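One structure is given here, and the rest of the page talks about it.
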Amino acid sequence: MPATKLQAVEGGEVVLPAWYTLQGEVSSAQPREIPFVMWFFQLKDHQDQVLSYINGHTKNKHGVSLVYSMPSRNVSLRLEGLQEKDSGPYSCSVNVQDKEGIDRGHSIKTLELNVLVPPAPPSCHLLGVPRVGANVTLSCQSPRSKPAAQYQWDRQLPSFQTFFAPGLDITSGSLRLTNISSSMSGVYVCKAHNEVGTAQCNVTLEVSTGPGAAVVSGAVVGTLVGLGLLAGLVLLYHRRGKALEEPANDIKEDAIAPRTLPWAKSSDTISKNGTLSSVTSARALRPPHGPPRPGALTPTPSLSSRVLPSPKLPMTDGGHPQPVSPIPGGVSSSALGRMGAVPVMVPAQSQAGSLV
């Protein structure tokens with residue numbers, strides 16, 4: 001016959017029920033028999049004896065005991081301080097003899113024990129950068145659970161909200177939030193649960209604007225201001241360079257050329273010590289050809305002009321004047337040249353006192 005299946009929770013205790021009866025006996029009779037009881041735990045390659053009752057003596061392992069005192073037909077086994085490794089098949093073997101040592105019967109019963117483990121406290125993590133418009137994933141995983149835990153995500157604060165598929169994966173414990181906003185900030189609680197227990201953890205989601213509209217706008221404005229300043233500096237430098245080039249290349253087409261003095265080059269040199277307050281055009285000061293017309297005005301020298309006396313030329317026998325050096329002291333021009341003197345041309349005067 002199939003084994004009886006039992007379930008227990010890790011850390012608790014369980015009773016494996018077992019009893020025996022003798023064939024052909026009257027239920028009201030009080031048989032006088034001697035039972036031999038043994039409990040075994042079936043491992044992969046052998047059986048491990050956990051309790052025995054033989055000849056009135058009980059031998060058992062730690063945490064294993066009979067529920068009722070012997071002798072008794074109820075030979076149920078109690079297991080305390082269960083661990084997951086205690087899961088597996090248990091068999092009870094009973095052999096009954098009478099006082100004469102005659103076998104009255106033999107029976108074996110097998111039970112299947114499954115020790116369940118509640119979820120261990122899970123770990124919650126935030127994967128991704130919680131920025132407005134981004135996608136993040138909340139993960140939750142319990143390191144130990146039997147059977148495997150399932151997960152549920154809820155937002156507790158500031159307002160309660162429960163999440164479902166497809167954003168929630170109940171087997172892996174991940175919750176995917178897409179295109180998040182500031183209103184999705186809050187405390188998120190993950191519950192890992194199975195049929196024998198529940199454990200939870202939480203994570204706080206704070207959605208920030210990050211380098212969003214405000215930061216991007218500030219960066220754009222800063223860039224524009226920087227470009228404007230750079231353009232202003234380039235324009236200022238260009239104008240300054242142009243202003244420096246204009247004085248050297250400034251040639252006016254409508255400018256009037258300076259008038260050239262009309263006297264001859266050889267007689268136009270003025271003495272360094274002489275000063276003329278006014279110069280009249282030589283053409284206007286020259287006497288007209290022929291006799292002066294009646295009523296014509298004769299030009300006169302300026303009062304402010306310093307008239308230098310002309311040296312007088314001596315007369316020779318031929319009646320023609322001979323030039324005499326105007327150098328005082330009788331020193332010749334060649335001697336003055338050797339002494340470092342500079343020749344100066346003195347303008348001649350007409351009888352009217354004008355320069356010629």
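Quick note on naming: the chains in the structure tokens go A, B, ... in the order shown, residues restart at 1 in each chain, and ligands are numbered from 1 in order of appearance.
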
With only C-alpha atoms as the counted atoms, please give the residues lying no more than 8 Å from Phe163 (chain A), apart from itself and same-chain residues fewer than 5 positions off, as a PDB file with N, CA, C and O atoms, in the first residue's frame.
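This went into out-v6.pdb:
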ATOM      1  N   GLN A 152       5.350  39.278  -3.835  1.00  0.00           N
ATOM      2  CA  GLN A 152       4.350  40.311  -4.067  1.00  0.00           C
ATOM      3  C   GLN A 152       4.953  41.657  -3.678  1.00  0.00           C
ATOM      4  O   GLN A 152       5.552  41.799  -2.604  1.00  0.00           O
ATOM      5  N   TRP A 153       4.742  42.656  -4.572  1.00  0.00           N
ATOM      6  CA  TRP A 153       5.231  44.005  -4.308  1.00  0.00           C
ATOM      7  C   TRP A 153       4.052  44.942  -4.060  1.00  0.00           C
ATOM      8  O   TRP A 153       3.058  44.919  -4.779  1.00  0.00           O
ATOM      9  N   ASP A 154       4.196  45.763  -3.006  1.00  0.00           N
ATOM     10  CA  ASP A 154       3.205  46.788  -2.677  1.00  0.00           C
ATOM     11  C   ASP A 154       3.933  48.078  -2.355  1.00  0.00           C
ATOM     12  O   ASP A 154       5.066  48.069  -1.847  1.00  0.00           O
ATOM     13  N   LEU A 168       5.096  42.727 -12.669  1.00  0.00           N
ATOM     14  CA  LEU A 168       5.540  41.911 -11.545  1.00  0.00           C
ATOM     15  C   LEU A 168       5.772  40.480 -11.993  1.00  0.00           C
ATOM     16  O   LEU A 168       4.913  39.874 -12.650  1.00  0.00           O
TER      17      LEU A 168
END

Residues near Arg144 (chain A), cut-off 8 Å, only C-alpha atoms, skip fewer than 6 positions along chain, as a PDB file with C-alpha atoms, in the first residue's frame:
ATOM      1  CA  VAL A 117      10.837  25.713   5.193  1.00  0.00           C
ATOM      2  CA  PRO A 118       9.288  29.182   5.422  1.00  0.00           C
ATOM      3  CA  PRO A 119      10.973  31.914   3.339  1.00  0.00           C
ATOM      4  CA  ALA A 120      14.059  33.415   4.855  1.00  0.00           C
TER       5      ALA A 120
END

Near region 111-114 of chain A, within 8 Å and counting only C-alpha atoms, which residues show up once chain neighbours fewer than 6 positions away are dropped, as a PDB file with all heavy atoms, in the first residue's frame?
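What follows is the written file result_30.pdb:
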ATOM      1  N   ALA A   3       2.641   4.820   0.802  1.00  0.00           N
ATOM      2  CA  ALA A   3       3.039   5.387   2.087  1.00  0.00           C
ATOM      3  C   ALA A   3       2.179   6.593   2.415  1.00  0.00           C
ATOM      4  O   ALA A   3       1.750   7.345   1.538  1.00  0.00           O
ATOM      5  CB  ALA A   3       4.508   5.772   2.060  1.00  0.00           C
ATOM      6  N   THR A   4       1.956   6.779   3.682  1.00  0.00           N
ATOM      7  CA  THR A   4       1.234   7.951   4.161  1.00  0.00           C
ATOM      8  C   THR A   4       2.165   9.150   4.151  1.00  0.00           C
ATOM      9  O   THR A   4       3.304   9.070   4.612  1.00  0.00           O
ATOM     10  CB  THR A   4       0.710   7.695   5.584  1.00  0.00           C
ATOM     11  OG1 THR A   4      -0.130   6.523   5.589  1.00  0.00           O
ATOM     12  CG2 THR A   4      -0.081   8.889   6.079  1.00  0.00           C
ATOM     13  N   LYS A   5       1.667  10.282   3.611  1.00  0.00           N
ATOM     14  CA  LYS A   5       2.486  11.486   3.499  1.00  0.00           C
ATOM     15  C   LYS A   5       2.109  12.479   4.588  1.00  0.00           C
ATOM     16  O   LYS A   5       0.933  12.762   4.809  1.00  0.00           O
ATOM     17  CB  LYS A   5       2.323  12.124   2.124  1.00  0.00           C
ATOM     18  CG  LYS A   5       2.894  11.252   0.997  1.00  0.00           C
ATOM     19  CD  LYS A   5       2.782  11.946  -0.342  1.00  0.00           C
ATOM     20  CE  LYS A   5       3.396  11.095  -1.452  1.00  0.00           C
ATOM     21  NZ  LYS A   5       3.335  11.761  -2.778  1.00  0.00           N
ATOM     22  N   LEU A   6       3.131  12.998   5.195  1.00  0.00           N
ATOM     23  CA  LEU A   6       2.949  13.990   6.249  1.00  0.00           C
ATOM     24  C   LEU A   6       3.807  15.219   5.946  1.00  0.00           C
ATOM     25  O   LEU A   6       4.859  15.111   5.301  1.00  0.00           O
ATOM     26  CB  LEU A   6       3.343  13.416   7.604  1.00  0.00           C
ATOM     27  CG  LEU A   6       2.576  12.177   8.093  1.00  0.00           C
ATOM     28  CD1 LEU A   6       3.205  11.642   9.371  1.00  0.00           C
ATOM     29  CD2 LEU A   6       1.119  12.522   8.338  1.00  0.00           C
ATOM     30  N   GLN A   7       3.368  16.353   6.435  1.00  0.00           N
ATOM     31  CA  GLN A   7       4.115  17.607   6.289  1.00  0.00           C
ATOM     32  C   GLN A   7       4.315  18.238   7.652  1.00  0.00           C
ATOM     33  O   GLN A   7       3.436  18.148   8.526  1.00  0.00           O
ATOM     34  CB  GLN A   7       3.383  18.577   5.369  1.00  0.00           C
ATOM     35  CG  GLN A   7       3.421  18.191   3.899  1.00  0.00           C
ATOM     36  CD  GLN A   7       2.817  19.257   3.011  1.00  0.00           C
ATOM     37  OE1 GLN A   7       2.123  20.158   3.485  1.00  0.00           O
ATOM     38  NE2 GLN A   7       3.081  19.168   1.707  1.00  0.00           N
ATOM     39  N   ALA A   8       5.456  18.847   7.812  1.00  0.00           N
ATOM     40  CA  ALA A   8       5.772  19.551   9.049  1.00  0.00           C
ATOM     41  C   ALA A   8       6.611  20.762   8.700  1.00  0.00           C
ATOM     42  O   ALA A   8       7.161  20.881   7.589  1.00  0.00           O
ATOM     43  CB  ALA A   8       6.504  18.630  10.017  1.00  0.00           C
ATOM     44  N   LEU A  16       4.581  10.771  13.937  1.00  0.00           N
ATOM     45  CA  LEU A  16       4.358   9.778  12.894  1.00  0.00           C
ATOM     46  C   LEU A  16       3.484   8.673  13.495  1.00  0.00           C
ATOM     47  O   LEU A  16       3.959   7.873  14.332  1.00  0.00           O
ATOM     48  CB  LEU A  16       5.691   9.201  12.413  1.00  0.00           C
ATOM     49  CG  LEU A  16       6.738  10.222  11.949  1.00  0.00           C
ATOM     50  CD1 LEU A  16       7.997   9.505  11.463  1.00  0.00           C
ATOM     51  CD2 LEU A  16       6.190  11.129  10.862  1.00  0.00           C
ATOM     52  N   GLU A  84      15.202  20.582   7.633  1.00  0.00           N
ATOM     53  CA  GLU A  84      14.843  20.174   6.281  1.00  0.00           C
ATOM     54  C   GLU A  84      15.437  18.811   5.932  1.00  0.00           C
ATOM     55  O   GLU A  84      14.827  18.010   5.199  1.00  0.00           O
ATOM     56  CB  GLU A  84      15.323  21.217   5.273  1.00  0.00           C
ATOM     57  CG  GLU A  84      14.897  20.927   3.854  1.00  0.00           C
ATOM     58  CD  GLU A  84      15.431  21.940   2.866  1.00  0.00           C
ATOM     59  OE1 GLU A  84      16.185  22.842   3.294  1.00  0.00           O
ATOM     60  OE2 GLU A  84      15.107  21.830   1.668  1.00  0.00           O
ATOM     61  N   ASP A  86      15.526  16.292   7.682  1.00  0.00           N
ATOM     62  CA  ASP A  86      14.720  15.211   8.264  1.00  0.00           C
ATOM     63  C   ASP A  86      13.635  14.728   7.316  1.00  0.00           C
ATOM     64  O   ASP A  86      12.896  13.791   7.642  1.00  0.00           O
ATOM     65  CB  ASP A  86      14.081  15.661   9.579  1.00  0.00           C
ATOM     66  CG  ASP A  86      15.127  15.950  10.650  1.00  0.00           C
ATOM     67  OD1 ASP A  86      16.194  15.298  10.615  1.00  0.00           O
ATOM     68  OD2 ASP A  86      14.884  16.824  11.509  1.00  0.00           O
ATOM     69  N   SER A  87      13.522  15.388   6.177  1.00  0.00           N
ATOM     70  CA  SER A  87      12.521  14.961   5.199  1.00  0.00           C
ATOM     71  C   SER A  87      12.924  13.611   4.607  1.00  0.00           C
ATOM     72  O   SER A  87      14.106  13.361   4.337  1.00  0.00           O
ATOM     73  CB  SER A  87      12.388  15.992   4.080  1.00  0.00           C
ATOM     74  OG  SER A  87      11.949  17.238   4.580  1.00  0.00           O
ATOM     75  N   GLY A  88      11.915  12.751   4.391  1.00  0.00           N
ATOM     76  CA  GLY A  88      12.183  11.444   3.786  1.00  0.00           C
ATOM     77  C   GLY A  88      11.254  10.372   4.326  1.00  0.00           C
ATOM     78  O   GLY A  88      10.350  10.635   5.137  1.00  0.00           O
ATOM     79  N   PRO A  89      11.456   9.119   3.891  1.00  0.00           N
ATOM     80  CA  PRO A  89      10.600   8.005   4.330  1.00  0.00           C
ATOM     81  C   PRO A  89      11.022   7.443   5.692  1.00  0.00           C
ATOM     82  O   PRO A  89      12.216   7.260   5.950  1.00  0.00           O
ATOM     83  CB  PRO A  89      10.779   6.975   3.213  1.00  0.00           C
ATOM     84  CG  PRO A  89      12.122   7.251   2.641  1.00  0.00           C
ATOM     85  CD  PRO A  89      12.358   8.732   2.796  1.00  0.00           C
ATOM     86  N   TYR A  90      10.036   7.147   6.542  1.00  0.00           N
ATOM     87  CA  TYR A  90      10.234   6.516   7.837  1.00  0.00           C
ATOM     88  C   TYR A  90       9.423   5.207   7.840  1.00  0.00           C
ATOM     89  O   TYR A  90       8.288   5.177   7.357  1.00  0.00           O
ATOM     90  CB  TYR A  90       9.779   7.408   8.976  1.00  0.00           C
ATOM     91  CG  TYR A  90      10.686   8.632   9.201  1.00  0.00           C
ATOM     92  CD1 TYR A  90      10.561   9.767   8.414  1.00  0.00           C
ATOM     93  CD2 TYR A  90      11.643   8.608  10.204  1.00  0.00           C
ATOM     94  CE1 TYR A  90      11.368  10.884   8.617  1.00  0.00           C
ATOM     95  CE2 TYR A  90      12.455   9.716  10.421  1.00  0.00           C
ATOM     96  CZ  TYR A  90      12.322  10.846   9.619  1.00  0.00           C
ATOM     97  OH  TYR A  90      13.143  11.931   9.838  1.00  0.00           O
ATOM     98  N   SER A  91      10.025   4.196   8.377  1.00  0.00           N
ATOM     99  CA  SER A  91       9.332   2.899   8.459  1.00  0.00           C
ATOM    100  C   SER A  91       9.344   2.388   9.901  1.00  0.00           C
ATOM    101  O   SER A  91      10.337   2.552  10.618  1.00  0.00           O
ATOM    102  CB  SER A  91       9.972   1.863   7.531  1.00  0.00           C
ATOM    103  OG  SER A  91      11.307   1.638   7.889  1.00  0.00           O
TER     104      SER A  91
END

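One finds CA of Ser52 (chain A) at 5.7 Å from CA of Val37 (chain A).
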
Non-local contacts of region 183-198 of chain A (10 Å; only C-alpha atoms; under 4 positions in same chain excluded) as a PyMOL selection string: chain A and resi 8-10+116-124+130+132+138-142+145-162+170-171+173-175+177+179+202-208

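Checking A:Gly133, A:Gln200, A:Cys92, A:Val115 one by one against Gln47 (chain A), counting only C-alpha atoms, you find the shortest gap at A:Cys92.
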
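Separating CA of Asn135 (chain A) from CA of Phe164 (chain A) is a distance of 16.9 Å.
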
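Between Val67 (chain A) and the residues A:Val129, A:Gly12, A:Ala18, A:Leu235, the shortest atom-to-atom distance, using only C-alpha atoms, involves A:Ala18.
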
Within region 14-138 of chain A, find each residue whose DSSP state, derived from the backbone, is strand (DSSP E or B), and express the selection as a CSV table (one decimal) with N, CA, C and O atoms, in the first residue's frame.
chain,number,residue,atom,x,y,z
A,14,VAL,N,6.6,16.8,14.9
A,14,VAL,CA,5.6,16.1,14.2
A,14,VAL,C,5.5,14.7,14.8
A,14,VAL,O,6.5,14.2,15.4
A,15,VAL,N,4.3,14.1,14.7
A,15,VAL,CA,4.1,12.8,15.2
A,15,VAL,C,3.8,11.8,14.0
A,15,VAL,O,2.9,12.1,13.2
A,16,LEU,N,4.6,10.8,13.9
A,16,LEU,CA,4.4,9.8,12.9
A,16,LEU,C,3.5,8.7,13.5
A,16,LEU,O,4.0,7.9,14.3
A,19,TRP,N,0.4,2.0,14.9
A,19,TRP,CA,-0.1,1.1,16.0
A,19,TRP,C,-0.3,-0.3,15.3
A,19,TRP,O,-0.3,-0.4,14.1
A,33,GLU,N,1.3,-9.8,25.6
A,33,GLU,CA,2.3,-10.0,24.5
A,33,GLU,C,3.5,-9.1,24.8
A,33,GLU,O,3.4,-8.2,25.6
A,34,ILE,N,4.5,-9.4,24.1
A,34,ILE,CA,5.8,-8.7,24.2
A,34,ILE,C,6.1,-8.1,22.8
A,34,ILE,O,6.4,-8.9,21.9
A,35,PRO,N,6.0,-6.7,22.7
A,35,PRO,CA,6.3,-6.1,21.4
A,35,PRO,C,7.8,-5.8,21.2
A,35,PRO,O,8.4,-5.4,22.2
A,36,PHE,N,8.2,-5.9,20.0
A,36,PHE,CA,9.6,-5.5,19.6
A,36,PHE,C,9.4,-4.4,18.5
A,36,PHE,O,8.9,-4.7,17.4
A,37,VAL,N,9.8,-3.2,18.9
A,37,VAL,CA,9.5,-2.0,18.0
A,37,VAL,C,10.8,-1.4,17.5
A,37,VAL,O,11.7,-1.1,18.3
A,38,MET,N,10.8,-1.1,16.2
A,38,MET,CA,12.0,-0.4,15.6
A,38,MET,C,11.5,0.6,14.6
A,38,MET,O,10.7,0.3,13.7
A,39,TRP,N,12.1,1.8,14.7
A,39,TRP,CA,11.9,2.9,13.7
A,39,TRP,C,13.1,3.2,12.9
A,39,TRP,O,14.2,3.3,13.4
A,40,PHE,N,12.9,3.3,11.5
A,40,PHE,CA,14.1,3.5,10.7
A,40,PHE,C,13.8,4.7,9.8
A,40,PHE,O,12.7,5.0,9.4
A,41,PHE,N,14.9,5.4,9.5
A,41,PHE,CA,14.9,6.5,8.5
A,41,PHE,C,15.7,6.1,7.3
A,41,PHE,O,16.8,5.8,7.4
A,42,GLN,N,14.9,6.1,6.2
A,42,GLN,CA,15.5,5.6,4.9
A,42,GLN,C,16.4,6.7,4.3
A,42,GLN,O,15.9,7.7,3.8
A,47,GLN,N,19.5,2.2,5.7
A,47,GLN,CA,18.6,2.6,6.7
A,47,GLN,C,19.3,3.0,8.0
A,47,GLN,O,20.2,2.3,8.4
A,48,ASP,N,18.8,4.1,8.6
A,48,ASP,CA,19.3,4.6,9.8
A,48,ASP,C,18.3,4.3,10.9
A,48,ASP,O,17.2,4.8,10.9
A,49,GLN,N,18.6,3.5,11.9
A,49,GLN,CA,17.7,3.2,13.0
A,49,GLN,C,17.7,4.4,14.0
A,49,GLN,O,18.7,4.8,14.5
A,50,VAL,N,16.5,5.0,14.2
A,50,VAL,CA,16.4,6.2,15.0
A,50,VAL,C,15.8,5.8,16.4
A,50,VAL,O,16.0,6.6,17.4
A,51,LEU,N,15.1,4.7,16.5
A,51,LEU,CA,14.5,4.3,17.8
A,51,LEU,C,14.3,2.8,17.8
A,51,LEU,O,13.9,2.2,16.8
A,52,SER,N,14.5,2.2,19.0
A,52,SER,CA,14.2,0.7,19.2
A,52,SER,C,13.7,0.5,20.6
A,52,SER,O,14.2,1.2,21.6
A,53,TYR,N,12.7,-0.4,20.7
A,53,TYR,CA,12.2,-0.9,22.0
A,53,TYR,C,12.3,-2.4,22.0
A,53,TYR,O,11.5,-3.1,21.3
A,54,ILE,N,13.2,-2.9,22.8
A,54,ILE,CA,13.5,-4.4,22.8
A,54,ILE,C,13.6,-4.8,24.3
A,54,ILE,O,14.4,-4.2,25.0
A,57,HIS,N,13.5,-2.2,26.9
A,57,HIS,CA,14.5,-1.1,26.9
A,57,HIS,C,14.3,-0.3,25.6
A,57,HIS,O,14.2,-0.8,24.5
A,58,THR,N,14.4,1.1,25.8
A,58,THR,CA,14.2,2.0,24.7
A,58,THR,C,15.6,2.6,24.3
A,58,THR,O,16.3,3.1,25.2
A,59,LYS,N,15.9,2.6,23.0
A,59,LYS,CA,17.1,3.3,22.6
A,59,LYS,C,16.8,4.2,21.4
A,59,LYS,O,16.2,3.8,20.5
A,60,ASN,N,17.1,5.5,21.6
A,60,ASN,CA,16.7,6.4,20.6
A,60,ASN,C,17.7,7.5,20.4
A,60,ASN,O,18.6,7.8,21.2
A,64,VAL,N,14.1,12.2,19.2
A,64,VAL,CA,13.2,11.2,18.7
A,64,VAL,C,12.7,10.4,20.0
A,64,VAL,O,13.5,10.1,20.9
A,65,SER,N,11.4,10.2,20.0
A,65,SER,CA,10.8,9.5,21.2
A,65,SER,C,9.5,8.8,20.8
A,65,SER,O,8.9,9.2,19.8
A,66,LEU,N,9.0,7.9,21.6
A,66,LEU,CA,7.7,7.3,21.4
A,66,LEU,C,6.7,8.2,22.1
A,66,LEU,O,6.9,8.8,23.2
A,74,ASN,N,0.1,1.4,20.6
A,74,ASN,CA,0.3,2.6,19.9
A,74,ASN,C,1.8,2.9,20.0
A,74,ASN,O,2.3,3.3,21.0
A,77,LEU,N,5.7,7.7,16.7
A,77,LEU,CA,7.0,8.3,16.9
A,77,LEU,C,6.9,9.8,16.9
A,77,LEU,O,6.2,10.4,16.0
A,78,ARG,N,7.5,10.5,17.8
A,78,ARG,CA,7.5,12.0,17.8
A,78,ARG,C,8.9,12.4,17.4
A,78,ARG,O,9.9,12.0,18.0
A,79,LEU,N,8.9,13.4,16.5
A,79,LEU,CA,10.2,14.0,16.1
A,79,LEU,C,10.1,15.5,16.4
A,79,LEU,O,9.2,16.2,16.1
A,88,GLY,N,11.9,12.8,4.4
A,88,GLY,CA,12.2,11.4,3.8
A,88,GLY,C,11.3,10.4,4.3
A,88,GLY,O,10.4,10.6,5.1
A,89,PRO,N,11.5,9.1,3.9
A,89,PRO,CA,10.6,8.0,4.3
A,89,PRO,C,11.0,7.4,5.7
A,89,PRO,O,12.2,7.3,6.0
A,90,TYR,N,10.0,7.1,6.5
A,90,TYR,CA,10.2,6.5,7.8
A,90,TYR,C,9.4,5.2,7.8
A,90,TYR,O,8.3,5.2,7.4
A,91,SER,N,10.0,4.2,8.4
A,91,SER,CA,9.3,2.9,8.5
A,91,SER,C,9.3,2.4,9.9
A,91,SER,O,10.3,2.6,10.6
A,92,CYS,N,8.2,1.8,10.3
A,92,CYS,CA,8.1,1.2,11.6
A,92,CYS,C,7.9,-0.3,11.5
A,92,CYS,O,7.0,-0.8,10.8
A,93,SER,N,8.7,-1.0,12.2
A,93,SER,CA,8.7,-2.5,12.2
A,93,SER,C,8.3,-3.0,13.6
A,93,SER,O,8.9,-2.7,14.6
A,94,VAL,N,7.2,-3.8,13.6
A,94,VAL,CA,6.7,-4.3,14.9
A,94,VAL,C,6.6,-5.9,14.8
A,94,VAL,O,6.0,-6.4,13.9
A,95,ASN,N,7.2,-6.5,15.8
A,95,ASN,CA,7.2,-8.0,15.9
A,95,ASN,C,6.7,-8.3,17.3
A,95,ASN,O,7.2,-7.8,18.3
A,96,VAL,N,5.6,-9.1,17.4
A,96,VAL,CA,4.9,-9.4,18.7
A,96,VAL,C,5.1,-10.9,19.0
A,96,VAL,O,4.9,-11.7,18.1
A,97,GLN,N,5.4,-11.1,20.2
A,97,GLN,CA,5.6,-12.5,20.7
A,97,GLN,C,4.7,-12.6,22.0
A,97,GLN,O,4.6,-11.6,22.7
A,98,ASP,N,4.3,-13.9,22.3
A,98,ASP,CA,3.6,-14.1,23.5
A,98,ASP,C,4.7,-14.4,24.6
A,98,ASP,O,5.9,-14.4,24.3
A,103,ASP,N,5.8,-16.3,18.0
A,103,ASP,CA,5.5,-15.0,17.2
A,103,ASP,C,4.0,-15.0,17.0
A,103,ASP,O,3.3,-15.9,16.6
A,104,ARG,N,3.5,-13.8,17.4
A,104,ARG,CA,2.0,-13.6,17.1
A,104,ARG,C,1.8,-12.7,15.9
A,104,ARG,O,0.7,-12.7,15.4
A,105,GLY,N,2.8,-12.1,15.4
A,105,GLY,CA,2.6,-11.3,14.2
A,105,GLY,C,3.8,-10.3,13.9
A,105,GLY,O,4.6,-10.0,14.8
A,106,HIS,N,3.8,-9.9,12.7
A,106,HIS,CA,4.9,-9.0,12.3
A,106,HIS,C,4.3,-8.0,11.3
A,106,HIS,O,3.6,-8.4,10.4
A,107,SER,N,4.6,-6.7,11.4
A,107,SER,CA,4.1,-5.7,10.5
A,107,SER,C,5.1,-4.5,10.3
A,107,SER,O,5.8,-4.2,11.2
A,108,ILE,N,5.0,-3.9,9.1
A,108,ILE,CA,5.9,-2.8,8.7
A,108,ILE,C,5.0,-1.7,8.1
A,108,ILE,O,4.2,-2.0,7.2
A,109,LYS,N,5.2,-0.5,8.6
A,109,LYS,CA,4.4,0.6,8.0
A,109,LYS,C,5.4,1.7,7.6
A,109,LYS,O,6.3,2.0,8.4
A,110,THR,N,5.2,2.3,6.5
A,110,THR,CA,6.0,3.4,5.9
A,110,THR,C,5.3,4.7,5.8
A,110,THR,O,4.1,4.7,5.4
A,111,LEU,N,5.9,5.8,6.2
A,111,LEU,CA,5.3,7.1,6.2
A,111,LEU,C,6.4,8.0,5.5
A,111,LEU,O,7.6,7.9,5.7
A,112,GLU,N,5.9,9.0,4.7
A,112,GLU,CA,6.7,10.0,4.0
A,112,GLU,C,6.6,11.3,4.7
A,112,GLU,O,5.5,11.9,4.7
A,113,LEU,N,7.7,11.8,5.2
A,113,LEU,CA,7.7,13.1,5.9
A,113,LEU,C,8.3,14.2,5.0
A,113,LEU,O,9.4,14.0,4.4
A,114,ASN,N,7.7,15.3,4.9
A,114,ASN,CA,8.2,16.4,4.1
A,114,ASN,C,8.3,17.6,5.0
A,114,ASN,O,7.2,18.1,5.5
A,115,VAL,N,9.5,18.1,5.3
A,115,VAL,CA,9.7,19.2,6.2
A,115,VAL,C,9.7,20.5,5.3
A,115,VAL,O,10.6,20.6,4.5
A,116,LEU,N,8.8,21.4,5.6
A,116,LEU,CA,8.7,22.6,4.8
A,116,LEU,C,9.5,23.7,5.5
A,116,LEU,O,9.6,23.7,6.7
A,117,VAL,N,10.0,24.6,4.7
A,117,VAL,CA,10.8,25.7,5.2
A,117,VAL,C,10.2,27.0,4.8
A,117,VAL,O,10.0,27.3,3.6
A,123,SER,N,16.1,39.9,0.3
A,123,SER,CA,16.9,41.1,0.1
A,123,SER,C,16.3,41.9,-1.0
A,123,SER,O,16.0,41.4,-2.1
A,124,CYS,N,16.1,43.2,-0.7
A,124,CYS,CA,15.5,44.1,-1.7
A,124,CYS,C,16.6,45.0,-2.3
A,124,CYS,O,17.4,45.6,-1.5
A,125,HIS,N,16.5,45.2,-3.6
A,125,HIS,CA,17.5,46.1,-4.3
A,125,HIS,C,16.8,46.9,-5.3
A,125,HIS,O,15.8,46.5,-5.9
A,126,LEU,N,17.4,48.1,-5.6
A,126,LEU,CA,17.0,48.9,-6.7
A,126,LEU,C,18.0,48.9,-7.8
A,126,LEU,O,19.2,49.2,-7.6
A,127,LEU,N,17.6,48.5,-9.0
A,127,LEU,CA,18.5,48.4,-10.1
A,127,LEU,C,18.1,49.5,-11.1
A,127,LEU,O,16.9,49.6,-11.6
A,131,ARG,N,15.4,58.2,-12.2
A,131,ARG,CA,15.3,59.6,-12.7
A,131,ARG,C,14.0,59.7,-13.5
A,131,ARG,O,13.6,58.7,-14.1
A,136,VAL,N,13.3,51.5,-14.1
A,136,VAL,CA,14.0,50.9,-13.0
A,136,VAL,C,13.4,49.5,-12.7
A,136,VAL,O,12.3,49.3,-13.0
A,137,THR,N,14.2,48.7,-11.9
A,137,THR,CA,13.7,47.4,-11.5
A,137,THR,C,13.9,47.2,-10.1
A,137,THR,O,15.1,47.4,-9.6
A,138,LEU,N,12.9,46.8,-9.3
A,138,LEU,CA,13.0,46.4,-7.9
A,138,LEU,C,13.1,44.9,-7.8
A,138,LEU,O,12.3,44.2,-8.3
